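Novice: Here it is, the structure, as structure tokens.
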Amino acid sequence: MKVIARKRSETTAEIVLNRPEKRNAVDFEVIESLSRHLEEFKHDEKLTVLLIRGTGHAFCGGGDLGSFHSLYSEEEALSMLRPMSEVLKQIASFPVITAAYLNGTAVGGGAELAAAADFRFSGTNGKVAFIQGKLHIATGWGGASLLKMRVGYETALEMLGTARLYTMEEAEAIKFVSKKVDSIEDIDQWCSRWLDAKVVREYKKTLFPEPEREKLFKLIDNEVEACAKLWVSEEHHEAVKKFLNKN
């Protein structure tokens, strides 16, 4: 099972990326599973927190290049980019608190996925990086717009434009990581602090109202279209070939 969905407690649910041999990379099956589980948990009236994490030593290594390398045209690229951008929209607009536990490296699309959550926790191991530029593409799931919301314009531009690898300590210093934790039990304790679900849902509506959501979703749609145009370049496909050969 590539994605595991379950309750950690009566008020906390988790979605776990379960492809440790692939660094929890996202393929079409993962996209479909994420969307379905998010829709299911959205209707759990007792839920106050949804946690997203990975198994093994990575949070998420981004898109599965082995699966997506065969996508050559803009339309073929959009067949993957649009559905995964909708997943990030689901997380960004989720009715209760969302948290990503970066139990290891979060790069490329994995960093985009983490940026969609309200909070990001990490251990001490692993790196964070928006490495899309090294593959001659831009963020394609909405990560740039979400990153700007989390860390501000200047920091987002530097993270995106340099594709630099950040340690978890550095990611915490720039406020991409909300807090480092010693174990997932620390996150369980944090999850137990939140008020009842009805109160949390009302505050989420207040702090992220419909007009702001619509504006964000439009920006994400623009990112998707821009990435699809870059996807078809020879530079991108050559970079992917080199990456796959190296690995």
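Each chain in the structure tokens gets a letter, A, B and so on, in the order shown; residues start at 1 in every chain, and ligands are counted from 1 in the order they appear.
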Please run DSSP on the backbone and report, as a PyMOL selection string, all residues within segment 118-158 of chain A that come out as strand (DSSP E).
Specialist: chain A and resi 119-122+127-129
Novice: Generate the output file for the selected residues, N, CA, C and O atoms, as a compact mmCIF listing (two decimals), in the first residue's frame.
Specialist:
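Listing of part30.txt after writing:
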```
# COMPACT_ATOMS: atom_id res chain seq x y z
N PHE A 119 1.48 23.79 9.35
CA PHE A 119 2.69 23.68 10.18
C PHE A 119 3.59 22.60 9.61
O PHE A 119 3.12 21.62 9.02
N ARG A 120 4.90 22.78 9.83
CA ARG A 120 5.88 21.78 9.43
C ARG A 120 6.80 21.50 10.62
O ARG A 120 7.41 22.42 11.17
N PHE A 121 6.87 20.23 11.01
CA PHE A 121 7.78 19.79 12.06
C PHE A 121 8.87 18.95 11.43
O PHE A 121 8.69 18.37 10.36
N SER A 122 10.01 18.86 12.11
CA SER A 122 11.09 18.04 11.56
C SER A 122 11.90 17.43 12.68
O SER A 122 11.90 17.89 13.82
N LYS A 127 17.21 17.06 4.59
CA LYS A 127 17.36 18.39 3.99
C LYS A 127 16.04 18.81 3.35
O LYS A 127 15.19 17.98 3.05
N VAL A 128 15.92 20.11 3.15
CA VAL A 128 14.78 20.69 2.44
C VAL A 128 15.31 21.46 1.24
O VAL A 128 16.26 22.23 1.38
N ALA A 129 14.71 21.25 0.07
CA ALA A 129 15.17 21.99 -1.11
C ALA A 129 14.11 21.97 -2.20
O ALA A 129 13.47 20.94 -2.43
```
Novice: Using only C-alpha atoms, what table do you get, as a tab-separated table, when you list each residue of segment 72-142 of chain A with an atom no more than 12 Å from segment 6-12 of chain A, its nearest pair of atoms, and their distance in Å rounded to one decimal, rows by chain then rising number?
Specialist:
```
residue	atom	partner	partner_atom	distance
A:Val96	CA	A:Thr12	CA	10.1
A:Ile97	CA	A:Thr12	CA	9.6
A:Thr98	CA	A:Thr12	CA	9.9
A:Ala99	CA	A:Thr12	CA	10.6
```
Novice: How would you write, as number ranges by chain, the set of residues in segment 41-154 of chain A that DSSP gives as alpha helix (DSSP H)?
Specialist: A: 41-42, 65-68, 74-92, 109-115, 143-151, 153-154
Novice: Using the selection just defined, write its residues with N, CA and C atoms as a CSV table (one decimal), in the first residue's frame.
Specialist:
```csv
chain,number,residue,atom,x,y,z
A,41,PHE,N,-11.3,12.3,5.1
A,41,PHE,CA,-11.0,12.9,6.4
A,41,PHE,C,-11.7,14.3,6.6
A,42,LYS,N,-11.9,15.0,5.4
A,42,LYS,CA,-12.5,16.3,5.5
A,42,LYS,C,-13.9,16.2,6.2
A,65,LEU,N,10.3,10.4,-10.9
A,65,LEU,CA,10.8,10.7,-12.3
A,65,LEU,C,10.7,9.4,-13.2
A,66,GLY,N,10.9,8.3,-12.6
A,66,GLY,CA,10.8,7.0,-13.4
A,66,GLY,C,9.4,6.9,-14.0
A,67,SER,N,8.4,7.3,-13.2
A,67,SER,CA,7.0,7.2,-13.7
A,67,SER,C,6.6,8.4,-14.7
A,68,PHE,N,7.2,9.6,-14.4
A,68,PHE,CA,6.7,10.8,-15.1
A,68,PHE,C,7.6,11.1,-16.2
A,74,GLU,N,2.9,19.0,-23.4
A,74,GLU,CA,2.3,19.8,-22.3
A,74,GLU,C,1.1,19.1,-21.8
A,75,GLU,N,0.2,18.5,-22.6
A,75,GLU,CA,-1.0,17.9,-22.1
A,75,GLU,C,-0.6,16.7,-21.3
A,76,GLU,N,0.4,15.9,-21.7
A,76,GLU,CA,0.8,14.8,-20.8
A,76,GLU,C,1.3,15.3,-19.5
A,77,ALA,N,2.1,16.3,-19.5
A,77,ALA,CA,2.6,16.9,-18.2
A,77,ALA,C,1.4,17.4,-17.3
A,78,LEU,N,0.5,18.0,-18.0
A,78,LEU,CA,-0.7,18.5,-17.2
A,78,LEU,C,-1.5,17.4,-16.6
A,79,SER,N,-1.5,16.2,-17.2
A,79,SER,CA,-2.3,15.1,-16.7
A,79,SER,C,-1.7,14.7,-15.3
A,80,MET,N,-0.5,15.0,-15.0
A,80,MET,CA,0.0,14.8,-13.7
A,80,MET,C,0.0,16.0,-12.8
A,81,LEU,N,0.4,17.2,-13.4
A,81,LEU,CA,0.6,18.4,-12.6
A,81,LEU,C,-0.8,18.9,-12.1
A,82,ARG,N,-1.8,18.9,-12.9
A,82,ARG,CA,-3.1,19.4,-12.4
A,82,ARG,C,-3.7,18.5,-11.2
A,83,PRO,N,-3.7,17.2,-11.3
A,83,PRO,CA,-4.3,16.4,-10.2
A,83,PRO,C,-3.5,16.6,-8.9
A,84,MET,N,-2.1,16.7,-9.0
A,84,MET,CA,-1.4,16.9,-7.8
A,84,MET,C,-1.5,18.3,-7.2
A,85,SER,N,-1.7,19.3,-8.1
A,85,SER,CA,-1.9,20.6,-7.6
A,85,SER,C,-3.3,20.7,-6.9
A,86,GLU,N,-4.2,19.9,-7.3
A,86,GLU,CA,-5.5,19.8,-6.6
A,86,GLU,C,-5.4,19.2,-5.3
A,87,VAL,N,-4.5,18.3,-5.1
A,87,VAL,CA,-4.2,17.7,-3.8
A,87,VAL,C,-3.6,18.8,-2.9
A,88,LEU,N,-2.7,19.6,-3.4
A,88,LEU,CA,-2.1,20.6,-2.5
A,88,LEU,C,-3.2,21.7,-2.2
A,89,LYS,N,-4.1,22.0,-3.1
A,89,LYS,CA,-5.2,22.9,-2.8
A,89,LYS,C,-6.1,22.3,-1.7
A,90,GLN,N,-6.3,21.0,-1.8
A,90,GLN,CA,-7.1,20.3,-0.7
A,90,GLN,C,-6.4,20.5,0.7
A,91,ILE,N,-5.1,20.3,0.7
A,91,ILE,CA,-4.4,20.4,2.0
A,91,ILE,C,-4.4,21.9,2.4
A,92,ALA,N,-4.1,22.8,1.5
A,92,ALA,CA,-4.0,24.2,1.9
A,92,ALA,C,-5.4,24.8,2.4
A,109,GLY,N,9.1,18.3,-5.4
A,109,GLY,CA,7.7,18.2,-5.0
A,109,GLY,C,7.4,17.9,-3.6
A,110,GLY,N,8.3,17.2,-2.9
A,110,GLY,CA,8.2,16.9,-1.5
A,110,GLY,C,8.2,18.2,-0.7
A,111,ALA,N,9.0,19.2,-1.1
A,111,ALA,CA,9.0,20.5,-0.4
A,111,ALA,C,7.7,21.2,-0.7
A,112,GLU,N,7.2,21.1,-1.9
A,112,GLU,CA,5.9,21.7,-2.3
A,112,GLU,C,4.8,21.1,-1.4
A,113,LEU,N,4.8,19.8,-1.3
A,113,LEU,CA,3.8,19.1,-0.4
A,113,LEU,C,3.8,19.6,1.0
A,114,ALA,N,5.0,19.8,1.5
A,114,ALA,CA,5.2,20.3,2.9
A,114,ALA,C,4.7,21.7,3.0
A,115,ALA,N,4.9,22.5,2.0
A,115,ALA,CA,4.5,23.9,2.1
A,115,ALA,C,3.0,24.1,2.1
A,143,GLY,N,3.8,25.0,-5.3
A,143,GLY,CA,4.7,25.2,-4.2
A,143,GLY,C,5.3,26.6,-4.1
A,144,ALA,N,5.5,27.3,-5.2
A,144,ALA,CA,6.0,28.7,-5.1
A,144,ALA,C,5.1,29.6,-4.4
A,145,SER,N,3.8,29.5,-4.7
A,145,SER,CA,2.8,30.4,-4.1
A,145,SER,C,2.6,30.1,-2.7
A,146,LEU,N,2.6,28.8,-2.4
A,146,LEU,CA,2.5,28.3,-1.0
A,146,LEU,C,3.7,28.7,-0.1
A,147,LEU,N,4.9,28.6,-0.7
A,147,LEU,CA,6.1,28.9,0.0
A,147,LEU,C,6.1,30.4,0.4
A,148,LYS,N,5.7,31.3,-0.6
A,148,LYS,CA,5.7,32.7,-0.3
A,148,LYS,C,4.8,33.0,0.9
A,149,MET,N,3.6,32.3,1.1
A,149,MET,CA,2.8,32.4,2.2
A,149,MET,C,3.5,32.0,3.5
A,150,ARG,N,4.4,31.1,3.4
A,150,ARG,CA,5.0,30.5,4.7
A,150,ARG,C,6.2,31.3,5.1
A,151,VAL,N,7.0,31.8,4.2
A,151,VAL,CA,8.3,32.4,4.5
A,151,VAL,C,8.5,33.8,4.0
A,153,TYR,N,8.3,36.8,0.6
A,153,TYR,CA,8.8,36.9,-0.8
A,153,TYR,C,10.3,36.7,-0.9
A,154,GLU,N,11.1,37.4,-0.1
A,154,GLU,CA,12.6,37.3,-0.4
A,154,GLU,C,13.1,35.9,-0.1
```
Novice: Check the smallest atom-to-atom distance from each of A:Glu21, A:Glu238, A:Asp186, A:Glu14 to His69 of chain A using only C-alpha atoms, then report the winner.
Specialist: A:Glu238
Novice: Show me, as JSON, numbers by chain, the residues that have an atom within 10 Å of Lys242 of chain A when counting only C-alpha atoms, minus same-chain residues fewer than 5 positions from it.
Specialist: {"A": [135, 237, 247]}
Novice: Residues as selected, C-alpha atoms, written as a PDB file, in the first residue's frame, can you do that?
Specialist:
```
ATOM      1  CA  LEU A 135      15.813  19.998 -13.684  1.00  0.00           C
ATOM      2  CA  HIS A 237      14.429  15.866 -20.362  1.00  0.00           C
ATOM      3  CA  ASN A 247      20.612   6.882  -9.560  1.00  0.00           C
TER       4      ASN A 247
END
```
Novice: Fewer than 5 positions away in the same chain doesn't count, so skip those; otherwise give me all residues within 9 Å of Asp221 of chain A, counting only C-alpha atoms, as a list in words.
Specialist: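 Selected residues are Arg82, Ser85, Gly140, Trp141, Gly142, Leu216 and Ala226 of chain A.
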Novice: What's around Ala58 of chain A at 8 Å? Count only C-alpha atoms, leave out sequence neighbours fewer than 4 positions away in its own chain, and write the answer as a list in words.
Specialist: Pro20, Arg23, Asn24, Gly54, Leu102, Asn103, Gly104, Thr105, Ala106 and Gly126 of chain A
Novice: Just how far from atom CA of Leu34 of chain A is atom CA of Val49 of chain A, in Å to one decimal?
Specialist: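 Spanning atom CA of Val49 of chain A to atom CA of Leu34 of chain A is a straight-line distance of 16.0 Å.
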